$ cat final_15.cif   # mmCIF, C-alpha atoms
data_protein
loop_
_atom_site.group_PDB
_atom_site.id
_atom_site.type_symbol
_atom_site.label_atom_id
_atom_site.label_comp_id
_atom_site.auth_asym_id
_atom_site.auth_seq_id
_atom_site.Cartn_x
_atom_site.Cartn_y
_atom_site.Cartn_z
ATOM 1 C CA MET R 12 12.235 -17.186 -15.623
ATOM 2 C CA ILE R 13 12.320 -15.314 -12.321
ATOM 3 C CA PRO R 14 15.778 -15.516 -10.708
ATOM 4 C CA GLY R 15 16.040 -17.648 -7.602
ATOM 5 C CA ALA R 16 16.650 -16.265 -4.110
ATOM 6 C CA CYS R 17 14.960 -12.957 -4.939
ATOM 7 C CA THR R 18 14.739 -10.290 -2.259
ATOM 8 C CA ALA R 19 12.768 -7.075 -2.029
ATOM 9 C CA ALA R 20 15.893 -5.224 -3.141
ATOM 10 C CA SER R 21 15.449 -6.744 -6.615
ATOM 11 C CA ALA R 22 12.787 -4.125 -7.326
ATOM 12 C CA GLY R 23 15.168 -1.249 -6.600
ATOM 13 C CA THR R 24 14.868 1.489 -3.985
ATOM 14 C CA TRP R 25 13.130 4.815 -3.484
ATOM 15 C CA GLN R 26 13.873 7.746 -1.196
ATOM 16 C CA LEU R 27 10.752 8.117 0.941
ATOM 17 C CA GLY R 28 11.413 11.424 2.638
ATOM 18 C CA ASP R 29 14.694 10.851 4.446
ATOM 19 C CA ARG R 30 14.285 7.064 4.462
ATOM 20 C CA THR R 31 15.429 4.650 1.751
ATOM 21 C CA VAL R 32 13.009 1.793 1.135
ATOM 22 C CA ASN R 33 12.941 -1.153 -1.217
ATOM 23 C CA ARG R 34 10.195 -0.657 -3.788
ATOM 24 C CA MET R 35 8.659 -4.050 -2.990
ATOM 25 C CA GLY R 36 6.888 -3.654 0.317
ATOM 26 C CA PHE R 37 4.133 -5.404 2.253
ATOM 27 C CA GLY R 38 0.507 -4.541 2.994
ATOM 28 C CA ALA R 39 -0.925 -5.630 6.345
ATOM 29 C CA MET R 40 -4.655 -5.744 5.540
ATOM 30 C CA ARG R 41 -4.684 -9.513 4.920
ATOM 31 C CA LEU R 42 -3.010 -10.329 8.259
ATOM 32 C CA THR R 43 -6.165 -10.220 10.343
ATOM 33 C CA ALA R 44 -8.542 -12.384 8.314
ATOM 34 C CA ASN R 45 -8.623 -14.575 5.249
ATOM 35 C CA ALA R 46 -10.394 -13.554 2.040
ATOM 36 C CA ASP R 47 -13.481 -15.520 3.108
ATOM 37 C CA GLY R 48 -13.633 -13.628 6.402
ATOM 38 C CA SER R 49 -12.373 -16.466 8.596
ATOM 39 C CA PRO R 50 -9.740 -15.602 11.231
ATOM 40 C CA SER R 51 -6.117 -15.754 10.156
ATOM 41 C CA ASP R 52 -3.709 -18.166 11.807
ATOM 42 C CA ARG R 53 -1.842 -15.997 14.323
ATOM 43 C CA ASP R 54 1.392 -17.969 14.352
ATOM 44 C CA ARG R 55 1.408 -18.235 10.576
ATOM 45 C CA VAL R 56 1.012 -14.510 9.907
ATOM 46 C CA ILE R 57 3.664 -13.697 12.496
ATOM 47 C CA ARG R 58 5.999 -15.987 10.563
ATOM 48 C CA VAL R 59 5.001 -14.239 7.328
ATOM 49 C CA LEU R 60 5.892 -10.840 8.793
ATOM 50 C CA ARG R 61 9.266 -12.058 9.980
ATOM 51 C CA GLN R 62 9.912 -13.759 6.665
ATOM 52 C CA ALA R 63 9.049 -10.555 4.817
ATOM 53 C CA VAL R 64 11.734 -8.664 6.709
ATOM 54 C CA GLU R 65 14.193 -11.507 6.117
ATOM 55 C CA LEU R 66 13.450 -11.146 2.391
ATOM 56 C CA GLY R 67 14.391 -7.480 2.517
ATOM 57 C CA VAL R 68 10.982 -5.843 2.917
ATOM 58 C CA ASN R 69 11.530 -2.585 4.797
ATOM 59 C CA HIS R 70 8.277 -0.776 3.991
ATOM 60 C CA ILE R 71 5.117 -2.085 5.672
ATOM 61 C CA ASP R 72 1.725 -0.457 5.208
ATOM 62 C CA THR R 73 -0.835 -0.854 7.987
ATOM 63 C CA ALA R 74 -3.694 0.872 9.841
ATOM 64 C CA ALA R 75 -5.340 0.714 13.250
ATOM 65 C CA PHE R 76 -8.629 -0.060 11.475
ATOM 66 C CA TYR R 77 -7.145 -3.306 10.129
ATOM 67 C CA PHE R 78 -8.612 -5.623 12.725
ATOM 68 C CA SER R 79 -10.975 -8.554 13.064
ATOM 69 C CA PRO R 80 -12.664 -9.935 16.187
ATOM 70 C CA LEU R 81 -9.480 -11.872 17.028
ATOM 71 C CA ARG R 82 -6.635 -10.012 15.307
ATOM 72 C CA SER R 83 -5.127 -6.532 15.053
ATOM 73 C CA ALA R 84 -2.637 -5.914 12.243
ATOM 74 C CA ASN R 85 -0.697 -3.341 14.244
ATOM 75 C CA GLU R 86 -0.372 -5.590 17.273
ATOM 76 C CA LEU R 87 0.689 -8.520 15.079
ATOM 77 C CA ILE R 88 3.394 -6.316 13.553
ATOM 78 C CA ASN R 89 4.516 -5.289 17.043
ATOM 79 C CA ARG R 90 4.582 -8.892 18.242
ATOM 80 C CA ALA R 91 6.445 -10.147 15.181
ATOM 81 C CA LEU R 92 9.001 -7.424 14.588
ATOM 82 C CA ALA R 93 9.697 -5.402 17.733
ATOM 83 C CA PRO R 94 12.341 -4.309 18.490
ATOM 84 C CA TYR R 95 12.120 -2.980 14.963
ATOM 85 C CA PRO R 96 15.034 -3.045 12.508
ATOM 86 C CA ASP R 97 16.576 0.405 12.056
ATOM 87 C CA ASP R 98 15.762 0.489 8.334
ATOM 88 C CA LEU R 99 12.106 -0.556 8.675
ATOM 89 C CA VAL R 100 9.548 2.077 7.657
ATOM 90 C CA ILE R 101 6.016 1.489 8.945
ATOM 91 C CA ALA R 102 3.350 3.553 7.210
ATOM 92 C CA THR R 103 -0.157 3.828 8.591
ATOM 93 C CA LYS R 104 -3.426 5.528 7.678
ATOM 94 C CA VAL R 105 -5.824 7.699 9.635
ATOM 95 C CA GLY R 106 -9.178 9.262 8.868
ATOM 96 C CA PRO R 107 -11.475 6.224 8.767
ATOM 97 C CA GLY R 108 -12.243 4.479 12.023
ATOM 98 C CA ARG R 109 -14.118 1.446 13.275
ATOM 99 C CA GLY R 110 -15.943 0.817 16.506
ATOM 100 C CA PRO R 111 -15.212 -2.137 18.833
ATOM 101 C CA SER R 112 -17.681 -4.319 16.921
ATOM 102 C CA GLY R 113 -16.052 -3.495 13.607
ATOM 103 C CA GLU R 114 -18.675 -1.049 12.329
ATOM 104 C CA TRP R 115 -17.347 1.871 10.288
ATOM 105 C CA LEU R 116 -17.525 5.255 11.976
ATOM 106 C CA PRO R 117 -17.825 8.674 10.318
ATOM 107 C CA LEU R 118 -14.540 10.077 9.019
ATOM 108 C CA ALA R 119 -12.518 11.512 11.896
ATOM 109 C CA SER R 120 -12.679 15.211 12.652
ATOM 110 C CA PRO R 121 -9.431 17.195 12.879
ATOM 111 C CA ALA R 122 -9.597 16.935 16.688
ATOM 112 C CA GLN R 123 -10.074 13.149 16.527
ATOM 113 C CA LEU R 124 -7.027 12.568 14.335
ATOM 114 C CA ARG R 125 -4.674 12.926 17.292
ATOM 115 C CA GLY R 126 -6.457 10.047 19.028
ATOM 116 C CA GLN R 127 -6.085 7.893 15.909
ATOM 117 C CA VAL R 128 -2.375 8.711 15.687
ATOM 118 C CA GLU R 129 -1.914 7.871 19.370
ATOM 119 C CA GLU R 130 -3.804 4.602 18.887
ATOM 120 C CA ASN R 131 -1.373 3.591 16.143
ATOM 121 C CA LEU R 132 1.584 4.583 18.340
ATOM 122 C CA ARG R 133 0.278 2.467 21.215
ATOM 123 C CA GLN R 134 -0.507 -0.604 19.126
ATOM 124 C CA LEU R 135 2.810 -0.500 17.280
ATOM 125 C CA GLY R 136 4.843 0.328 20.387
ATOM 126 C CA ARG R 137 6.452 3.382 18.781
ATOM 127 C CA ASP R 138 7.218 6.896 20.020
ATOM 128 C CA HIS R 139 6.661 8.292 16.515
ATOM 129 C CA LEU R 140 5.160 7.120 13.229
ATOM 130 C CA ASP R 141 7.396 6.990 10.143
ATOM 131 C CA LEU R 142 4.630 7.892 7.675
ATOM 132 C CA VAL R 143 0.978 8.731 8.203
ATOM 133 C CA ASN R 144 -1.369 8.847 5.208
ATOM 134 C CA LEU R 145 -4.565 10.834 5.471
ATOM 135 C CA ARG R 146 -7.192 8.546 3.907
ATOM 136 C CA ILE R 147 -9.978 10.510 2.282
ATOM 137 C CA HIS R 148 -13.447 9.505 1.110
ATOM 138 C CA GLY R 149 -15.114 11.767 -1.399
ATOM 139 C CA ARG R 150 -14.292 14.920 -3.294
ATOM 140 C CA LYS R 151 -14.099 17.485 -0.532
ATOM 141 C CA PRO R 152 -11.470 19.906 0.795
ATOM 142 C CA ILE R 153 -8.878 18.283 3.026
ATOM 143 C CA ALA R 154 -6.940 21.313 4.284
ATOM 144 C CA GLU R 155 -8.355 21.253 7.809
ATOM 145 C CA LEU R 156 -7.680 17.539 8.286
ATOM 146 C CA PHE R 157 -4.223 17.637 6.727
ATOM 147 C CA GLY R 158 -3.384 20.717 8.764
ATOM 148 C CA ALA R 159 -4.156 18.803 11.958
ATOM 149 C CA LEU R 160 -1.696 16.079 10.919
ATOM 150 C CA ALA R 161 0.902 18.712 10.048
ATOM 151 C CA GLU R 162 0.626 19.993 13.623
ATOM 152 C CA LEU R 163 1.248 16.465 14.935
ATOM 153 C CA ARG R 164 4.266 16.214 12.645
ATOM 154 C CA ASP R 165 5.599 19.480 14.064
ATOM 155 C CA ALA R 166 5.041 18.039 17.553
ATOM 156 C CA GLY R 167 7.281 15.052 16.707
ATOM 157 C CA LEU R 168 4.611 12.330 16.643
ATOM 158 C CA ILE R 169 4.887 11.874 12.868
ATOM 159 C CA ARG R 170 7.990 11.863 10.671
ATOM 160 C CA HIS R 171 6.419 12.182 7.198
ATOM 161 C CA LEU R 172 2.965 12.807 5.754
ATOM 162 C CA GLY R 173 1.092 11.303 2.821
ATOM 163 C CA VAL R 174 -2.410 11.268 1.367
ATOM 164 C CA SER R 175 -4.586 8.374 0.265
ATOM 165 C CA ASN R 176 -7.542 7.930 -2.086
ATOM 166 C CA VAL R 177 -7.199 11.502 -3.320
ATOM 167 C CA GLN R 178 -7.834 13.519 -6.443
ATOM 168 C CA PRO R 179 -4.994 15.620 -7.940
ATOM 169 C CA TRP R 180 -6.454 18.876 -6.604
ATOM 170 C CA GLN R 181 -6.552 17.412 -3.081
ATOM 171 C CA LEU R 182 -2.841 16.590 -3.327
ATOM 172 C CA THR R 183 -2.162 20.192 -4.330
ATOM 173 C CA GLU R 184 -4.242 21.403 -1.397
ATOM 174 C CA ALA R 185 -2.226 19.265 1.029
ATOM 175 C CA GLN R 186 1.092 20.382 -0.443
ATOM 176 C CA ALA R 187 0.211 23.995 0.315
ATOM 177 C CA ILE R 188 0.230 23.042 4.013
ATOM 178 C CA ALA R 189 3.136 20.603 4.420
ATOM 179 C CA PRO R 190 5.384 18.346 2.308
ATOM 180 C CA VAL R 191 3.740 15.192 0.959
ATOM 181 C CA VAL R 192 6.076 12.218 0.442
ATOM 182 C CA ALA R 193 3.520 9.622 -0.712
ATOM 183 C CA VAL R 194 0.204 9.266 -2.519
ATOM 184 C CA GLN R 195 -1.596 5.978 -1.912
ATOM 185 C CA ASN R 196 -4.450 5.313 -4.336
ATOM 186 C CA PRO R 197 -6.227 2.268 -5.813
ATOM 187 C CA TYR R 198 -4.532 1.461 -9.110
ATOM 188 C CA GLY R 199 -3.564 -1.473 -11.275
ATOM 189 C CA LEU R 200 -3.487 -2.897 -14.764
ATOM 190 C CA GLY R 201 -6.867 -1.975 -16.271
ATOM 191 C CA TYR R 202 -8.000 -0.511 -12.946
ATOM 192 C CA ARG R 203 -8.541 3.146 -12.047
ATOM 193 C CA ARG R 204 -6.839 4.320 -15.216
ATOM 194 C CA ARG R 205 -7.860 7.858 -14.355
ATOM 195 C CA TYR R 206 -4.879 7.974 -11.994
ATOM 196 C CA ASP R 207 -2.336 7.549 -14.788
ATOM 197 C CA GLY R 208 -1.761 11.307 -14.808
ATOM 198 C CA LEU R 209 -1.515 11.541 -11.025
ATOM 199 C CA LEU R 210 1.153 8.835 -11.030
ATOM 200 C CA ARG R 211 3.187 10.822 -13.573
ATOM 201 C CA THR R 212 2.730 14.029 -11.567
ATOM 202 C CA CYS R 213 4.046 12.293 -8.465
ATOM 203 C CA ASP R 214 7.052 11.020 -10.413
ATOM 204 C CA GLU R 215 7.837 14.538 -11.641
ATOM 205 C CA GLN R 216 7.628 15.906 -8.100
ATOM 206 C CA GLY R 217 9.599 13.128 -6.400
ATOM 207 C CA ILE R 218 6.562 11.755 -4.552
ATOM 208 C CA ALA R 219 6.081 8.035 -4.026
ATOM 209 C CA PHE R 220 2.975 6.560 -5.665
ATOM 210 C CA VAL R 221 1.767 3.576 -3.637
ATOM 211 C CA PRO R 222 -0.973 1.643 -5.463
ATOM 212 C CA PHE R 223 -3.285 -0.682 -3.587
ATOM 213 C CA PHE R 224 -5.501 -3.412 -5.071
ATOM 214 C CA SER R 225 -2.878 -3.808 -7.833
ATOM 215 C CA ILE R 226 -3.484 -7.560 -7.889
ATOM 216 C CA ALA R 227 -7.120 -7.728 -6.777
ATOM 217 C CA THR R 228 -8.262 -4.681 -8.834
ATOM 218 C CA THR R 229 -12.062 -4.922 -8.988
ATOM 219 C CA GLY R 230 -12.003 -7.759 -6.449
ATOM 220 C CA ARG R 231 -10.790 -5.219 -3.883
ATOM 221 C CA GLU R 232 -10.859 -6.572 -0.309
ATOM 222 C CA LYS R 233 -12.131 -9.967 -1.471
ATOM 223 C CA GLY R 234 -8.936 -10.617 -3.426
ATOM 224 C CA ALA R 235 -8.100 -11.349 -7.049
ATOM 225 C CA VAL R 236 -10.953 -12.246 -9.354
ATOM 226 C CA ASP R 237 -10.905 -15.721 -10.882
ATOM 227 C CA ALA R 238 -11.079 -14.503 -14.477
ATOM 228 C CA GLU R 239 -7.802 -13.250 -15.920
ATOM 229 C CA HIS R 240 -7.101 -11.692 -19.301
ATOM 230 C CA ASP R 241 -5.410 -13.842 -21.903
ATOM 231 C CA GLU R 242 -2.741 -11.192 -22.498
ATOM 232 C CA VAL R 243 -1.701 -11.280 -18.840
ATOM 233 C CA ARG R 244 -1.661 -15.077 -18.860
ATOM 234 C CA ALA R 245 0.482 -15.121 -22.017
ATOM 235 C CA VAL R 246 3.085 -12.761 -20.571
ATOM 236 C CA ALA R 247 3.093 -14.747 -17.334
ATOM 237 C CA ALA R 248 3.678 -18.010 -19.208
ATOM 238 C CA ALA R 249 6.610 -16.478 -21.096
ATOM 239 C CA HIS R 250 8.296 -15.662 -17.781
ATOM 240 C CA GLY R 251 7.317 -18.798 -15.881
ATOM 241 C CA ALA R 252 5.404 -16.484 -13.567
ATOM 242 C CA THR R 253 1.882 -16.108 -12.224
ATOM 243 C CA PRO R 254 -0.583 -13.469 -13.468
ATOM 244 C CA ALA R 255 -0.382 -11.815 -10.036
ATOM 245 C CA GLN R 256 3.373 -11.454 -10.444
ATOM 246 C CA ILE R 257 2.898 -9.868 -13.865
ATOM 247 C CA ARG R 258 0.426 -7.380 -12.404
ATOM 248 C CA LEU R 259 2.932 -6.415 -9.714
ATOM 249 C CA ALA R 260 5.773 -6.166 -12.223
ATOM 250 C CA TRP R 261 3.611 -3.998 -14.500
ATOM 251 C CA ALA R 262 2.849 -1.629 -11.623
ATOM 252 C CA LEU R 263 6.543 -1.295 -10.767
ATOM 253 C CA HIS R 264 7.322 -0.577 -14.415
ATOM 254 C CA ARG R 265 4.950 2.409 -14.382
ATOM 255 C CA GLY R 266 7.569 4.619 -12.768
ATOM 256 C CA PRO R 267 10.596 4.569 -10.466
ATOM 257 C CA ASN R 268 8.455 6.157 -7.749
ATOM 258 C CA VAL R 269 5.958 3.272 -7.593
ATOM 259 C CA LEU R 270 6.102 1.326 -4.322
ATOM 260 C CA ALA R 271 4.248 -1.994 -4.332
ATOM 261 C CA ILE R 272 2.518 -3.171 -1.139
ATOM 262 C CA PRO R 273 0.961 -6.579 -1.899
ATOM 263 C CA GLY R 274 -0.474 -8.201 1.191
ATOM 264 C CA THR R 275 -0.851 -11.843 2.150
ATOM 265 C CA GLY R 276 -0.994 -14.184 5.104
ATOM 266 C CA ASN R 277 0.405 -17.028 2.979
ATOM 267 C CA PRO R 278 4.192 -17.608 3.089
ATOM 268 C CA ASP R 279 4.253 -19.045 -0.443
ATOM 269 C CA HIS R 280 2.419 -16.024 -1.845
ATOM 270 C CA LEU R 281 4.834 -13.756 0.032
ATOM 271 C CA VAL R 282 7.796 -15.341 -1.739
ATOM 272 C CA GLU R 283 6.009 -15.025 -5.093
ATOM 273 C CA ASN R 284 5.173 -11.370 -4.485
ATOM 274 C CA VAL R 285 8.732 -10.480 -3.536
ATOM 275 C CA ALA R 286 10.066 -12.378 -6.555
ATOM 276 C CA ALA R 287 7.865 -10.269 -8.843
ATOM 277 C CA GLY R 288 10.198 -7.371 -8.140
ATOM 278 C CA ALA R 289 12.897 -9.133 -10.164
ATOM 279 C CA LEU R 290 10.723 -9.464 -13.274
ATOM 280 C CA ARG R 291 11.849 -7.319 -16.185
ATOM 281 C CA LEU R 292 9.174 -6.958 -18.839
ATOM 282 C CA SER R 293 10.282 -6.291 -22.410
ATOM 283 C CA ASN R 294 9.206 -3.196 -24.317
ATOM 284 C CA GLU R 295 7.036 -5.406 -26.496
ATOM 285 C CA GLU R 296 5.340 -6.942 -23.449
ATOM 286 C CA LEU R 297 4.810 -3.531 -21.896
ATOM 287 C CA THR R 298 3.227 -2.319 -25.128
ATOM 288 C CA ARG R 299 0.845 -5.278 -25.164
ATOM 289 C CA LEU R 300 -0.113 -4.706 -21.538
ATOM 290 C CA GLU R 301 -0.505 -0.974 -22.114
ATOM 291 C CA LYS R 302 -3.045 -1.667 -24.851
ATOM 292 C CA LEU R 303 -4.944 -3.854 -22.392
ATOM 293 C CA HIS R 304 -4.777 -1.106 -19.770
ATOM 294 C CA GLU R 305 -6.058 1.507 -22.208
ATOM 295 C CA ALA R 306 -8.947 -0.733 -23.222
ATOM 296 C CA PHE R 307 -10.628 -0.027 -19.881
ATOM 297 C CA GLU R 308 -12.663 3.037 -19.124
ATOM 298 C CA ALA R 309 -10.873 5.607 -16.958
ATOM 299 C CA GLU R 310 -13.679 5.411 -14.413
#
$ encode --input "final_15.cif" --output "structure tokens"
Amino acid sequence: MIPGACTAASAGTWQLGDRTVNRMGFGAMRLTANADGSPSDRDRVIRVLRQAVELGVNHIDTAAFYFSPLRSANELINRALAPYPDDLVIATKVGPGRGPSGEWLPLASPAQLRGQVEENLRQLGRDHLDLVNLRIHGRKPIAELFGALAELRDAGLIRHLGVSNVQPWQLTEAQAIAPVVAVQNPYGLGYRRRYDGLLRTCDEQGIAFVPFFSIATTGREKGAVDAEHDEVRAVAAAHGATPAQIRLAWALHRGPNVLAIPGTGNPDHLVENVAAGALRLSNEELTRLEKLHEAFEAE
């Protein structure tokens, strides 16, 4: 059974640059709209954010492009949590952008990245950003873009830099320009197995690996798929847990550098997600789940 009164500290901590964070964090994507696309309840998601911090979450992942016609994740975070706790680390992403109507724009140019950083600063009400991840689409060189962010870090607008949705060679390219404290890629049990090696590389180099879609996997932005594997259900039943909690626990077991960022606008799901950090899977259970993981193609 999962212990009662679990907090984010139950998952342990990681040194993210010069900041210590609990390994169970929170993703802000689900704050602006529900899985079916309907608007979120503003008061409810503000309560969820405040409850997350009360439960010990001190690593929140967001982006200026997380918005719906009625909601902006960054502004909700500002409204709920400012003045911010001293130990709270807010990570954001730049590169992609959306127009006022929500349409996706071409990936930002190096010159446009400053505007995206300043937009995040304004919405969050900060004078600097704790961590900025350069989100990439495609297999192309990133030196020019990452170099532009490194200049903003040197100017004091950014504290730490990370990369997102990258291949191993793109991480190496970024590291030749400036220190990288985090890699944020899609990854989960039976999902994007090709990043197993990248996760291990990050562990060896002291870089945080921050998987997204760890619960939803192939469901991606739409949320978890209805069908679940019997092996996951069996392990969940043995712990009195949900399959989603097992998926989070499995991700955290992949390495001490893994930082989970499950997102939700539901206070009950928030409590469940945080509690997953206290789950300790046995070696036998991990072996069973590893076989399931390896059964999928490393697409």
$ atom_distance --input "final_15.cif" --atom1 "atom CA of Asp141 of chain R" --atom2 "atom CA of Gly108 of chain R"
19.9 Å
$ closest_residue --input "final_15.cif" --among "R:Gly288, R:Pro273, R:Gly201, R:Pro190" --to "Phe307 of chain R" --atoms "all atoms listed in the file"
R:Gly201
$ residues_around --input "final_15.cif" --residues "Arg258 of chain R" --least-positions-apart "5" --cutoff "7 Å" --atoms "only C-alpha atoms" --output "tab-separated table (two decimals) with C-alpha atoms, in the frame of the given file"
chain	number	residue	atom	x	y	z
R	200	LEU	CA	-3.49	-2.90	-14.76
R	225	SER	CA	-2.88	-3.81	-7.83
R	226	ILE	CA	-3.48	-7.56	-7.89
$ closest_residue --input "final_15.cif" --among "R:Phe157, R:Phe223, R:Phe37, R:Trp180" --to "Val68 of chain R" --atoms "only C-alpha atoms"
R:Phe37
$ closest_residue --input "final_15.cif" --among "R:Leu163, R:Thr298, R:Gln181, R:Thr18" --to "Arg150 of chain R" --atoms "all atoms listed in the file"
R:Gln181
$ resolve_selection --input "final_15.cif" --expression "the PyMOL selection byres ((chain R and resi 283) around 12)" --output "VMD selection string"
chain R and resid 13 to 19 35 63 66 251 to 260 273 to 275 277 to 282 284 to 290
$ axis_aligned_box --input "final_15.cif" --around "segment 160-170 of chain R" --padding-each-side "3 Å" --output "JSON"
{"center_x": 3.1, "center_y": 15.9, "center_z": 13.8, "size_x": 15.7, "size_y": 14.1, "size_z": 13.5}
$ atom_distance --input "final_15.cif" --atom1 "atom CA of His148 of chain R" --atom2 "atom CA of Ser175 of chain R"
9.0 Å
$ resolve_selection --input "final_15.cif" --expression "the PyMOL selection byres ((chain R and resi 84) around 12)" --output "PyMOL selection string"
chain R and resi 38-44+51+53+56-57+60+71-83+85-92+101+103+131+134-135+274-276
$ closest_residue --input "final_15.cif" --among "R:Leu300, R:Ala122, R:Leu142, R:Val192" --to "Gly158 of chain R" --atoms "all atoms listed in the file"
R:Ala122
$ atom_distance --input "final_15.cif" --atom1 "atom CA of Ala187 of chain R" --atom2 "atom CA of Val128 of chain R"
21.8 Å
$ closest_residue --input "final_15.cif" --among "R:Ala247, R:Ala93, R:Leu27, R:Cys213" --to "Gly136 of chain R" --atoms "all atoms listed in the file"
R:Ala93
$ decode --input "final_15.cif" --residues "segment 254-308 of chain R" --atoms "C-alpha atoms" --output "mmCIF file, in the first residue's frame"
data_model
loop_
_atom_site.group_PDB
_atom_site.id
_atom_site.type_symbol
_atom_site.label_atom_id
_atom_site.label_comp_id
_atom_site.auth_asym_id
_atom_site.auth_seq_id
_atom_site.Cartn_x
_atom_site.Cartn_y
_atom_site.Cartn_z
ATOM 1 C CA PRO R 254 -1.762 1.970 -13.258
ATOM 2 C CA ALA R 255 -0.854 5.654 -13.658
ATOM 3 C CA GLN R 256 0.936 5.564 -10.314
ATOM 4 C CA ILE R 257 2.871 2.471 -11.379
ATOM 5 C CA ARG R 258 3.937 4.203 -14.588
ATOM 6 C CA LEU R 259 5.211 7.182 -12.599
ATOM 7 C CA ALA R 260 6.974 4.951 -10.081
ATOM 8 C CA TRP R 261 8.593 2.978 -12.917
ATOM 9 C CA ALA R 262 9.904 6.188 -14.483
ATOM 10 C CA LEU R 263 11.401 7.327 -11.174
ATOM 11 C CA HIS R 264 13.053 3.933 -10.753
ATOM 12 C CA ARG R 265 14.887 4.363 -14.069
ATOM 13 C CA GLY R 266 17.545 6.523 -12.450
ATOM 14 C CA PRO R 267 18.165 8.967 -9.603
ATOM 15 C CA ASN R 268 18.289 11.786 -12.157
ATOM 16 C CA VAL R 269 14.716 11.245 -13.393
ATOM 17 C CA LEU R 270 12.362 14.103 -12.502
ATOM 18 C CA ALA R 271 8.663 13.361 -12.981
ATOM 19 C CA ILE R 272 6.333 16.163 -14.117
ATOM 20 C CA PRO R 273 2.810 14.687 -14.294
ATOM 21 C CA GLY R 274 0.204 17.326 -14.990
ATOM 22 C CA THR R 275 -3.433 17.570 -13.971
ATOM 23 C CA GLY R 276 -6.191 20.025 -13.201
ATOM 24 C CA ASN R 277 -7.846 17.507 -10.861
ATOM 25 C CA PRO R 278 -7.001 17.752 -7.130
ATOM 26 C CA ASP R 279 -7.594 14.027 -6.569
ATOM 27 C CA HIS R 280 -5.249 13.092 -9.412
ATOM 28 C CA LEU R 281 -2.665 15.507 -8.003
ATOM 29 C CA VAL R 282 -2.669 13.669 -4.679
ATOM 30 C CA GLU R 283 -2.385 10.323 -6.486
ATOM 31 C CA ASN R 284 0.511 11.540 -8.621
ATOM 32 C CA VAL R 285 2.445 12.865 -5.644
ATOM 33 C CA ALA R 286 1.801 9.640 -3.725
ATOM 34 C CA ALA R 287 3.354 7.643 -6.576
ATOM 35 C CA GLY R 288 6.710 9.018 -5.488
ATOM 36 C CA ALA R 289 6.498 6.883 -2.345
ATOM 37 C CA LEU R 290 6.004 3.631 -4.267
ATOM 38 C CA ARG R 291 8.937 1.245 -4.051
ATOM 39 C CA LEU R 292 8.799 -1.465 -6.691
ATOM 40 C CA SER R 293 10.511 -4.772 -5.946
ATOM 41 C CA ASN R 294 13.300 -6.140 -8.118
ATOM 42 C CA GLU R 295 10.918 -8.825 -9.325
ATOM 43 C CA GLU R 296 8.302 -6.230 -10.296
ATOM 44 C CA LEU R 297 10.905 -4.112 -12.048
ATOM 45 C CA THR R 298 12.055 -7.160 -13.998
ATOM 46 C CA ARG R 299 8.495 -7.895 -15.102
ATOM 47 C CA LEU R 300 7.954 -4.295 -16.171
ATOM 48 C CA GLU R 301 11.315 -4.197 -17.935
ATOM 49 C CA LYS R 302 10.283 -7.173 -20.057
ATOM 50 C CA LEU R 303 7.116 -5.288 -20.978
ATOM 51 C CA HIS R 304 9.164 -2.198 -21.827
ATOM 52 C CA GLU R 305 11.544 -4.189 -24.014
ATOM 53 C CA ALA R 306 8.642 -5.785 -25.865
ATOM 54 C CA PHE R 307 8.012 -2.486 -27.657
ATOM 55 C CA GLU R 308 9.899 -1.311 -30.683
#
